[in-house]
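This is my_file.cif (mmCIF, C-alpha atoms).
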data_run
loop_
_atom_site.group_PDB
_atom_site.id
_atom_site.type_symbol
_atom_site.label_atom_id
_atom_site.label_comp_id
_atom_site.auth_asym_id
_atom_site.auth_seq_id
_atom_site.Cartn_x
_atom_site.Cartn_y
_atom_site.Cartn_z
ATOM 1 C CA MET P 1 -218.544 -70.710 14.539
ATOM 2 C CA ARG P 2 -216.105 -73.246 13.100
ATOM 3 C CA GLN P 3 -218.177 -73.556 9.944
ATOM 4 C CA LEU P 4 -218.165 -69.775 9.567
ATOM 5 C CA ILE P 5 -214.377 -69.591 9.910
ATOM 6 C CA ALA P 6 -213.814 -72.543 7.551
ATOM 7 C CA ARG P 7 -216.189 -71.134 4.928
ATOM 8 C CA ARG P 8 -214.592 -67.693 5.019
ATOM 9 C CA LEU P 9 -211.063 -69.102 4.859
ATOM 10 C CA LEU P 10 -211.987 -71.132 1.781
ATOM 11 C CA GLN P 11 -213.084 -67.895 0.134
ATOM 12 C CA VAL P 12 -209.616 -66.410 0.578
ATOM 13 C CA ILE P 13 -208.043 -68.364 -2.296
ATOM 14 C CA PRO P 14 -210.430 -67.325 -5.120
ATOM 15 C CA MET P 15 -210.517 -63.749 -3.809
ATOM 16 C CA LEU P 16 -206.733 -63.437 -3.826
ATOM 17 C CA PHE P 17 -206.604 -65.047 -7.260
ATOM 18 C CA PHE P 18 -209.068 -62.501 -8.642
ATOM 19 C CA VAL P 19 -207.227 -59.606 -6.974
ATOM 20 C CA SER P 20 -203.911 -60.784 -8.422
ATOM 21 C CA ILE P 21 -205.340 -60.906 -11.957
ATOM 22 C CA VAL P 22 -206.835 -57.412 -11.692
ATOM 23 C CA CYS P 23 -203.697 -55.941 -10.138
ATOM 24 C CA PHE P 24 -201.386 -57.551 -12.704
ATOM 25 C CA GLY P 25 -203.577 -56.319 -15.538
ATOM 26 C CA LEU P 26 -203.627 -52.769 -14.200
ATOM 27 C CA ILE P 27 -199.859 -52.796 -13.796
ATOM 28 C CA LYS P 28 -199.388 -53.842 -17.404
ATOM 29 C CA LEU P 29 -201.804 -51.187 -18.608
ATOM 30 C CA ALA P 30 -200.003 -48.459 -16.669
ATOM 31 C CA PRO P 31 -197.583 -46.272 -18.653
ATOM 32 C CA GLY P 32 -193.870 -46.548 -18.041
ATOM 33 C CA ASP P 33 -191.128 -49.126 -18.284
ATOM 34 C CA PRO P 34 -189.201 -50.345 -15.195
ATOM 35 C CA VAL P 35 -186.149 -51.065 -17.341
ATOM 36 C CA LEU P 36 -185.725 -47.340 -18.000
ATOM 37 C CA SER P 37 -184.676 -46.831 -14.362
ATOM 38 C CA PHE P 38 -181.540 -48.913 -15.078
ATOM 39 C CA VAL P 39 -180.680 -47.338 -18.423
ATOM 40 C CA THR P 40 -177.626 -45.087 -18.637
ATOM 41 C CA PRO P 41 -176.854 -42.628 -21.459
ATOM 42 C CA ASN P 42 -174.016 -44.827 -22.821
ATOM 43 C CA MET P 43 -175.928 -48.121 -22.688
ATOM 44 C CA HIS P 44 -176.455 -49.912 -25.994
ATOM 45 C CA LEU P 45 -179.816 -51.193 -27.172
ATOM 46 C CA GLU P 46 -178.558 -54.785 -26.981
ATOM 47 C CA ASP P 47 -177.711 -54.324 -23.306
ATOM 48 C CA ILE P 48 -181.168 -52.898 -22.628
ATOM 49 C CA GLU P 49 -182.852 -55.852 -24.319
ATOM 50 C CA ARG P 50 -180.581 -58.263 -22.448
ATOM 51 C CA MET P 51 -181.616 -56.647 -19.183
ATOM 52 C CA ARG P 52 -185.272 -56.839 -20.184
ATOM 53 C CA HIS P 53 -184.827 -60.549 -20.911
ATOM 54 C CA SER P 54 -183.109 -61.192 -17.576
ATOM 55 C CA LEU P 55 -186.068 -59.599 -15.772
ATOM 56 C CA GLY P 56 -188.562 -61.634 -17.809
ATOM 57 C CA LEU P 57 -190.249 -58.508 -19.172
ATOM 58 C CA ASP P 58 -189.832 -59.490 -22.830
ATOM 59 C CA GLN P 59 -192.415 -62.267 -22.574
ATOM 60 C CA PRO P 60 -196.175 -61.898 -23.146
ATOM 61 C CA ALA P 61 -198.185 -60.615 -20.201
ATOM 62 C CA TYR P 62 -200.032 -63.880 -19.614
ATOM 63 C CA VAL P 63 -196.737 -65.797 -19.530
ATOM 64 C CA GLN P 64 -195.325 -63.357 -16.987
ATOM 65 C CA TYR P 65 -198.439 -63.776 -14.830
ATOM 66 C CA ILE P 66 -198.323 -67.584 -14.967
ATOM 67 C CA LEU P 67 -194.650 -67.609 -13.997
ATOM 68 C CA TRP P 68 -195.346 -65.206 -11.146
ATOM 69 C CA LEU P 69 -198.343 -67.256 -9.985
ATOM 70 C CA LYS P 70 -196.330 -70.493 -9.897
ATOM 71 C CA LYS P 71 -193.687 -68.885 -7.697
ATOM 72 C CA SER P 72 -196.212 -67.148 -5.429
ATOM 73 C CA LEU P 73 -197.969 -70.454 -4.704
ATOM 74 C CA THR P 74 -194.723 -71.635 -3.116
ATOM 75 C CA GLY P 75 -194.406 -68.457 -1.049
ATOM 76 C CA ASP P 76 -191.924 -66.802 -3.405
ATOM 77 C CA LEU P 77 -193.223 -63.339 -4.385
ATOM 78 C CA GLY P 78 -190.135 -62.635 -6.448
ATOM 79 C CA TYR P 79 -187.423 -60.019 -6.117
ATOM 80 C CA SER P 80 -187.616 -56.257 -6.214
ATOM 81 C CA LEU P 81 -186.574 -54.694 -9.491
ATOM 82 C CA ILE P 82 -185.042 -51.757 -7.620
ATOM 83 C CA ASN P 83 -182.971 -53.231 -4.793
ATOM 84 C CA HIS P 84 -183.051 -56.934 -5.840
ATOM 85 C CA GLN P 85 -184.218 -57.999 -2.377
ATOM 86 C CA PRO P 86 -186.905 -60.668 -1.812
ATOM 87 C CA VAL P 87 -190.354 -59.051 -1.808
ATOM 88 C CA LEU P 88 -191.684 -61.198 1.027
ATOM 89 C CA ASP P 89 -188.721 -60.355 3.265
ATOM 90 C CA GLN P 90 -189.218 -56.627 2.670
ATOM 91 C CA ILE P 91 -192.917 -56.852 3.540
ATOM 92 C CA LEU P 92 -192.230 -58.855 6.701
ATOM 93 C CA ASP P 93 -189.476 -56.445 7.759
ATOM 94 C CA ARG P 94 -191.828 -53.458 7.507
ATOM 95 C CA LEU P 95 -194.916 -55.228 8.820
ATOM 96 C CA PRO P 96 -194.299 -54.457 12.541
ATOM 97 C CA ALA P 97 -194.108 -50.704 11.870
ATOM 98 C CA THR P 98 -197.344 -50.691 9.871
ATOM 99 C CA ALA P 99 -199.170 -53.042 12.246
ATOM 100 C CA GLY P 100 -198.164 -50.929 15.237
ATOM 101 C CA LEU P 101 -199.323 -47.713 13.578
ATOM 102 C CA MET P 102 -202.640 -49.173 12.406
ATOM 103 C CA GLY P 103 -203.359 -50.943 15.697
ATOM 104 C CA ALA P 104 -202.579 -47.895 17.820
ATOM 105 C CA SER P 105 -204.691 -45.677 15.548
ATOM 106 C CA ILE P 106 -207.756 -47.929 15.744
ATOM 107 C CA ILE P 107 -207.490 -48.281 19.534
ATOM 108 C CA LEU P 108 -207.081 -44.521 19.937
ATOM 109 C CA ALA P 109 -210.025 -43.819 17.622
ATOM 110 C CA VAL P 110 -212.361 -46.202 19.473
ATOM 111 C CA LEU P 111 -211.331 -45.064 22.963
ATOM 112 C CA ILE P 112 -211.972 -41.418 22.092
ATOM 113 C CA ALA P 113 -215.056 -41.989 19.938
ATOM 114 C CA ILE P 114 -217.024 -43.917 22.576
ATOM 115 C CA PRO P 115 -217.227 -41.172 25.244
ATOM 116 C CA LEU P 116 -217.617 -38.412 22.628
ATOM 117 C CA GLY P 117 -220.434 -40.241 20.844
ATOM 118 C CA LEU P 118 -222.249 -41.018 24.099
ATOM 119 C CA MET P 119 -221.778 -37.437 25.287
ATOM 120 C CA ALA P 120 -223.107 -35.995 22.040
ATOM 121 C CA ALA P 121 -226.203 -38.213 22.133
ATOM 122 C CA ALA P 122 -226.902 -37.501 25.806
ATOM 123 C CA ASN P 123 -226.727 -33.749 25.093
ATOM 124 C CA ARG P 124 -228.548 -33.814 21.777
ATOM 125 C CA ASN P 125 -228.966 -30.419 20.094
ATOM 126 C CA ARG P 126 -227.036 -28.653 22.850
ATOM 127 C CA TRP P 127 -223.792 -26.756 22.371
ATOM 128 C CA ILE P 128 -221.582 -29.725 23.254
ATOM 129 C CA ASP P 129 -223.395 -31.892 20.703
ATOM 130 C CA LYS P 130 -222.936 -29.226 18.035
ATOM 131 C CA LEU P 131 -219.241 -28.879 18.908
ATOM 132 C CA ILE P 132 -218.634 -32.631 18.657
ATOM 133 C CA ASN P 133 -220.543 -32.757 15.376
ATOM 134 C CA LEU P 134 -218.423 -29.907 14.021
ATOM 135 C CA ILE P 135 -215.225 -31.769 14.927
ATOM 136 C CA SER P 136 -216.605 -34.917 13.304
ATOM 137 C CA TYR P 137 -217.435 -33.107 10.068
ATOM 138 C CA ILE P 138 -213.950 -31.619 9.995
ATOM 139 C CA GLY P 139 -212.385 -35.035 10.514
ATOM 140 C CA ILE P 140 -214.412 -36.573 7.713
ATOM 141 C CA SER P 141 -213.682 -33.725 5.292
ATOM 142 C CA VAL P 142 -209.995 -32.937 5.907
ATOM 143 C CA PRO P 143 -207.485 -34.895 3.752
ATOM 144 C CA LEU P 144 -204.966 -36.904 5.751
ATOM 145 C CA PHE P 145 -201.923 -35.528 3.957
ATOM 146 C CA TRP P 146 -203.003 -31.918 4.619
ATOM 147 C CA LEU P 147 -203.633 -32.618 8.288
ATOM 148 C CA GLY P 148 -200.283 -34.360 8.579
ATOM 149 C CA ILE P 149 -198.390 -31.447 7.030
ATOM 150 C CA LEU P 150 -200.257 -28.998 9.282
ATOM 151 C CA LEU P 151 -199.376 -30.945 12.443
ATOM 152 C CA ILE P 152 -195.744 -31.265 11.370
ATOM 153 C CA TYR P 153 -195.514 -27.503 10.979
ATOM 154 C CA LEU P 154 -197.279 -26.811 14.283
ATOM 155 C CA PHE P 155 -195.784 -29.393 16.656
ATOM 156 C CA ALA P 156 -192.423 -30.157 15.038
ATOM 157 C CA ILE P 157 -191.295 -26.963 13.316
ATOM 158 C CA TYR P 158 -193.040 -24.203 15.281
ATOM 159 C CA LEU P 159 -193.327 -25.627 18.832
ATOM 160 C CA HIS P 160 -190.487 -28.198 18.637
ATOM 161 C CA TRP P 161 -192.476 -30.595 20.803
ATOM 162 C CA LEU P 162 -192.405 -33.700 18.631
ATOM 163 C CA PRO P 163 -190.207 -35.120 15.854
ATOM 164 C CA SER P 164 -191.455 -34.538 12.344
ATOM 165 C CA THR P 165 -190.563 -37.693 10.429
ATOM 166 C CA GLY P 166 -189.146 -41.168 10.799
ATOM 167 C CA MET P 167 -189.610 -43.796 13.463
ATOM 168 C CA ARG P 168 -186.441 -43.389 15.521
ATOM 169 C CA THR P 169 -183.860 -40.738 16.253
ATOM 170 C CA ILE P 170 -180.423 -41.611 14.897
ATOM 171 C CA GLY P 171 -178.325 -43.047 17.709
ATOM 172 C CA THR P 172 -181.322 -43.546 20.010
ATOM 173 C CA ASP P 173 -182.894 -46.944 20.614
ATOM 174 C CA SER P 174 -185.713 -46.660 23.138
ATOM 175 C CA VAL P 175 -189.434 -47.321 23.256
ATOM 176 C CA LEU P 176 -190.118 -43.751 24.392
ATOM 177 C CA ASP P 177 -188.404 -42.387 21.289
ATOM 178 C CA VAL P 178 -190.562 -44.609 19.039
ATOM 179 C CA ILE P 179 -193.698 -43.439 20.872
ATOM 180 C CA LYS P 180 -192.730 -39.783 20.387
ATOM 181 C CA HIS P 181 -192.238 -40.364 16.657
ATOM 182 C CA GLY P 182 -195.534 -42.216 16.438
ATOM 183 C CA ILE P 183 -197.773 -39.638 18.135
ATOM 184 C CA LEU P 184 -198.373 -37.449 15.079
ATOM 185 C CA PRO P 185 -198.894 -40.194 12.452
ATOM 186 C CA CYS P 186 -201.064 -42.161 14.872
ATOM 187 C CA PHE P 187 -203.294 -39.157 15.552
ATOM 188 C CA VAL P 188 -203.560 -38.271 11.855
ATOM 189 C CA LEU P 189 -204.552 -41.812 10.895
ATOM 190 C CA ALA P 190 -206.981 -42.093 13.812
ATOM 191 C CA PHE P 191 -208.651 -38.718 13.308
ATOM 192 C CA GLY P 192 -210.654 -39.676 10.229
ATOM 193 C CA PHE P 193 -211.879 -42.958 11.744
ATOM 194 C CA LEU P 194 -212.593 -41.228 15.033
ATOM 195 C CA SER P 195 -214.938 -38.817 13.305
ATOM 196 C CA VAL P 196 -216.852 -41.620 11.561
ATOM 197 C CA TYR P 197 -217.138 -43.690 14.741
ATOM 198 C CA VAL P 198 -218.443 -40.708 16.710
ATOM 199 C CA ARG P 199 -221.250 -40.236 14.203
ATOM 200 C CA TYR P 200 -222.246 -43.899 14.344
ATOM 201 C CA ILE P 201 -222.094 -44.061 18.132
ATOM 202 C CA ARG P 202 -224.136 -40.887 18.461
ATOM 203 C CA SER P 203 -226.808 -42.151 16.075
ATOM 204 C CA SER P 204 -227.008 -45.582 17.737
ATOM 205 C CA THR P 205 -227.129 -44.041 21.212
ATOM 206 C CA ILE P 206 -229.997 -41.726 20.286
ATOM 207 C CA THR P 207 -231.938 -44.775 19.075
ATOM 208 C CA GLN P 208 -231.183 -46.750 22.236
ATOM 209 C CA LEU P 209 -232.193 -43.905 24.530
ATOM 210 C CA LYS P 210 -235.744 -44.221 23.178
ATOM 211 C CA GLU P 211 -236.003 -47.889 24.179
ATOM 212 C CA GLU P 212 -238.102 -49.032 27.123
ATOM 213 C CA TYR P 213 -235.227 -50.563 29.101
ATOM 214 C CA VAL P 214 -233.599 -47.126 29.322
ATOM 215 C CA GLN P 215 -236.765 -45.531 30.646
ATOM 216 C CA ILE P 216 -237.092 -48.332 33.193
ATOM 217 C CA GLN P 217 -233.537 -47.716 34.418
ATOM 218 C CA TYR P 218 -234.281 -44.020 34.821
ATOM 219 C CA ALA P 219 -237.505 -44.914 36.699
ATOM 220 C CA PHE P 220 -235.489 -47.003 39.159
ATOM 221 C CA GLY P 221 -233.289 -43.983 39.869
ATOM 222 C CA SER P 222 -230.216 -44.842 37.770
ATOM 223 C CA GLY P 223 -228.082 -41.888 36.773
ATOM 224 C CA GLN P 224 -227.362 -40.911 33.180
ATOM 225 C CA ARG P 225 -223.732 -41.996 33.288
ATOM 226 C CA LEU P 226 -224.655 -45.417 34.678
ATOM 227 C CA VAL P 227 -227.330 -45.937 32.031
ATOM 228 C CA LEU P 228 -225.044 -44.895 29.203
ATOM 229 C CA PHE P 229 -221.950 -46.910 30.090
ATOM 230 C CA ARG P 230 -223.565 -49.997 31.652
ATOM 231 C CA HIS P 231 -226.692 -50.566 29.552
ATOM 232 C CA VAL P 232 -226.602 -48.493 26.365
ATOM 233 C CA LEU P 233 -222.942 -48.981 25.497
ATOM 234 C CA LYS P 234 -223.141 -52.761 24.978
ATOM 235 C CA HIS P 235 -225.891 -52.283 22.411
ATOM 236 C CA VAL P 236 -224.078 -49.428 20.701
ATOM 237 C CA LEU P 237 -220.851 -51.404 20.261
ATOM 238 C CA LEU P 238 -222.448 -54.044 18.008
ATOM 239 C CA PRO P 239 -222.576 -51.890 14.844
ATOM 240 C CA ILE P 240 -219.124 -50.523 15.690
ATOM 241 C CA ILE P 241 -217.682 -54.037 15.446
ATOM 242 C CA THR P 242 -219.026 -54.348 11.907
ATOM 243 C CA LEU P 243 -217.774 -50.860 11.112
ATOM 244 C CA LEU P 244 -214.281 -51.833 12.244
ATOM 245 C CA GLY P 245 -214.233 -54.694 9.768
ATOM 246 C CA MET P 246 -215.429 -52.446 6.973
ATOM 247 C CA SER P 247 -212.783 -49.843 7.861
ATOM 248 C CA VAL P 248 -209.821 -52.107 7.128
ATOM 249 C CA ALA P 249 -209.627 -51.013 3.480
ATOM 250 C CA ASP P 250 -209.697 -47.328 4.442
ATOM 251 C CA LEU P 251 -207.179 -48.044 7.195
ATOM 252 C CA VAL P 252 -204.715 -49.568 4.727
ATOM 253 C CA ALA P 253 -205.176 -46.673 2.294
ATOM 254 C CA GLY P 254 -204.824 -44.147 5.103
ATOM 255 C CA ALA P 255 -201.676 -45.866 6.354
ATOM 256 C CA ILE P 256 -200.083 -45.492 2.911
ATOM 257 C CA VAL P 257 -200.728 -41.747 2.884
ATOM 258 C CA THR P 258 -199.736 -41.250 6.523
ATOM 259 C CA GLU P 259 -196.515 -43.250 6.236
ATOM 260 C CA THR P 260 -195.549 -41.279 3.149
ATOM 261 C CA VAL P 261 -196.117 -37.906 4.826
ATOM 262 C CA PHE P 262 -194.224 -38.838 8.006
ATOM 263 C CA SER P 263 -191.588 -41.073 6.339
ATOM 264 C CA TRP P 264 -192.756 -43.912 8.570
ATOM 265 C CA PRO P 265 -190.798 -47.059 7.554
ATOM 266 C CA GLY P 266 -193.812 -49.265 6.954
ATOM 267 C CA ILE P 267 -195.444 -51.130 4.101
ATOM 268 C CA GLY P 268 -197.195 -47.988 2.898
ATOM 269 C CA SER P 269 -193.991 -46.081 2.225
ATOM 270 C CA LEU P 270 -192.545 -49.213 0.602
ATOM 271 C CA GLY P 271 -195.548 -49.319 -1.709
ATOM 272 C CA MET P 272 -195.185 -45.668 -2.704
ATOM 273 C CA THR P 273 -191.513 -46.227 -3.535
ATOM 274 C CA ALA P 274 -192.467 -49.263 -5.608
ATOM 275 C CA VAL P 275 -195.106 -47.315 -7.533
ATOM 276 C CA LYS P 276 -192.655 -44.512 -8.332
ATOM 277 C CA GLY P 277 -190.067 -47.020 -9.555
ATOM 278 C CA MET P 278 -192.543 -49.283 -11.400
ATOM 279 C CA ASP P 279 -191.396 -52.146 -9.171
ATOM 280 C CA TYR P 280 -193.965 -54.729 -10.293
ATOM 281 C CA PRO P 281 -193.143 -57.569 -7.874
ATOM 282 C CA VAL P 282 -193.313 -55.307 -4.823
ATOM 283 C CA ILE P 283 -196.599 -53.761 -5.995
ATOM 284 C CA MET P 284 -198.112 -57.216 -6.483
ATOM 285 C CA GLY P 285 -196.894 -58.412 -3.085
ATOM 286 C CA ILE P 286 -198.242 -55.396 -1.195
ATOM 287 C CA THR P 287 -201.581 -55.572 -3.055
ATOM 288 C CA LEU P 288 -202.045 -59.239 -2.149
ATOM 289 C CA PHE P 289 -201.063 -58.545 1.441
ATOM 290 C CA SER P 290 -203.572 -55.684 1.646
ATOM 291 C CA ALA P 291 -206.321 -57.876 0.182
ATOM 292 C CA LEU P 292 -205.521 -60.641 2.670
ATOM 293 C CA LEU P 293 -205.606 -58.133 5.512
ATOM 294 C CA LEU P 294 -209.009 -56.883 4.358
ATOM 295 C CA ILE P 295 -210.446 -60.405 4.193
ATOM 296 C CA LEU P 296 -209.081 -61.376 7.602
ATOM 297 C CA GLY P 297 -210.306 -58.096 9.087
ATOM 298 C CA ASN P 298 -213.856 -58.779 7.957
ATOM 299 C CA LEU P 299 -213.605 -62.350 9.245
ATOM 300 C CA LEU P 300 -212.452 -61.087 12.641
ATOM 301 C CA ALA P 301 -215.351 -58.612 12.704
ATOM 302 C CA ASP P 302 -217.822 -61.427 12.016
ATOM 303 C CA ILE P 303 -216.333 -63.533 14.795
ATOM 304 C CA LEU P 304 -216.425 -60.685 17.313
ATOM 305 C CA TYR P 305 -219.981 -59.836 16.286
ATOM 306 C CA SER P 306 -221.063 -63.432 16.859
ATOM 307 C CA MET P 307 -219.371 -63.471 20.254
ATOM 308 C CA ALA P 308 -220.977 -60.174 21.265
ATOM 309 C CA ASP P 309 -224.466 -61.237 20.152
ATOM 310 C CA PRO P 310 -225.041 -65.026 20.468
ATOM 311 C CA ARG P 311 -228.310 -64.735 18.554
ATOM 312 C CA ILE P 312 -226.322 -64.206 15.348
ATOM 313 C CA LYS P 313 -224.724 -67.666 15.574
ATOM 314 C CA SER P 314 -227.975 -69.365 14.703
ATOM 315 C CA THR P 315 -228.369 -67.340 11.514
ATOM 316 C CA ARG P 316 -224.930 -68.108 10.054
#

Show me the file's structure as structure tokens.
Amino acid sequence: MRQLIARRLLQVIPMLFFVSIVCFGLIKLAPGDPVLSFVTPNMHLEDIERMRHSLGLDQPAYVQYILWLKKSLTGDLGYSLINHQPVLDQILDRLPATAGLMGASIILAVLIAIPLGLMAAANRNRWIDKLINLISYIGISVPLFWLGILLIYLFAIYLHWLPSTGMRTIGTDSVLDVIKHGILPCFVLAFGFLSVYVRYIRSSTITQLKEEYVQIQYAFGSGQRLVLFRHVLKHVLLPIITLLGMSVADLVAGAIVTETVFSWPGIGSLGMTAVKGMDYPVIMGITLFSALLLILGNLLADILYSMADPRIKSTR
């Protein structure tokens, strides 16, 4: 286990280096000029060039990358071109909001997907199985932004049950208020993953129900619920652990869309603001953070998989 963790952690450095090169290259190839956001109608060309020089944007692209890389190795991701605040501080300030939304969404998706997937497999080809499959197909097909807008209209504008945007009500500082604001974005982000997990759990359960140990349990008089949740579930959860690790990239992308729709003050909304303003340092910082999160998510999935199935330890 220690060798696995050490080997995967050593892979982080070259992976982040490669991601930084690709991201920096794509940023430079993108149209637009961040200096134009500071230009006023009465500004002279000399002032514009002086501003470009102060931001270091008048140097060749490879020089800009090397200077950025030297600073990033010391933990300095630079300063935002828009608000002139340290990039790392902005990411850390918004990290709790994003981590809370992503964590709650994954937990909600798994807790709902497990009983639905088991129920669909146990009632294969019956009406309840078809209904769950229909919901799953809808969840896989519906775009997150469309679902978010629909829920805002239904629960916030029409029914007035939940707040539409933001994380807190102005003048209110309570956990209950944060939970109320987080219900809609959490459900939207979890819905797509829930649908995928239900399909995987259903498929794995159908396979497990054909195994001999299940037939033996039925022969000894065990009920269906006991067989499903005590014997079948532990075998079904193994591929779900791997799926969780693979879902980190989609989770980060989904969080960006969800936070933008609901004005959730997380890293996703910060990234969208940076893209609109061509804020290169913030884009680079968020991209590296997302890549690091993806790598660590897959590492955590490998560790949990090894803990759940000790036979895997001998093959790594």

Ground truth for the PyMOL selection byres ((chain P and resi 32) around 12), written as an MDAnalysis selection string = chainID P and resid 27:31 33:37 275:280

Pick from P:Val282, P:Val214, P:Ala274, P:Leu300, whichever lies nearest to Gly245 (chain P) using only C-alpha atoms =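 Among the listed residues, P:Leu300 lies closest to Gly245 (chain P).
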
Kindly resolve the PyMOL selection byres ((chain P and resi 112) around 10) on the present coordinates and return the residues as a PyMOL selection string.
-> chain P and resi 107-111+113-117+190-191+194-195+197-198

Convert the current residue selection to file output with C-alpha atoms, as a compact mmCIF listing (two decimals), in the coordinates of the input.
# COMPACT_ATOMS: atom_id res chain seq x y z
CA ILE P 107 -207.49 -48.28 19.53
CA LEU P 108 -207.08 -44.52 19.94
CA ALA P 109 -210.02 -43.82 17.62
CA VAL P 110 -212.36 -46.20 19.47
CA LEU P 111 -211.33 -45.06 22.96
CA ALA P 113 -215.06 -41.99 19.94
CA ILE P 114 -217.02 -43.92 22.58
CA PRO P 115 -217.23 -41.17 25.24
CA LEU P 116 -217.62 -38.41 22.63
CA GLY P 117 -220.43 -40.24 20.84
CA ALA P 190 -206.98 -42.09 13.81
CA PHE P 191 -208.65 -38.72 13.31
CA LEU P 194 -212.59 -41.23 15.03
CA SER P 195 -214.94 -38.82 13.30
CA TYR P 197 -217.14 -43.69 14.74
CA VAL P 198 -218.44 -40.71 16.71

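Around region 253-264 of chain P, within 8 Å and counting all atoms listed in the file, the residues found are P:Ala97, P:Thr98, P:Leu101, P:Met102, P:Leu144, P:Phe145, P:Gly148, P:Ile149, P:Ser164, P:Thr165, P:Gly166, P:Met167, P:Pro185, P:Val188, P:Leu189, P:Ala249, P:Gly268, P:Ser269, P:Gly271, P:Met272, once anything fewer than 4 positions away on its own chain is removed.
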
Dump as a VMD selection string all residues having an atom at most 10 Å from (-213.9, -53.2, 7.3), computed in the file's coordinates with only C-alpha atoms.
-> chain P and resid 241 to 251 293 to 301
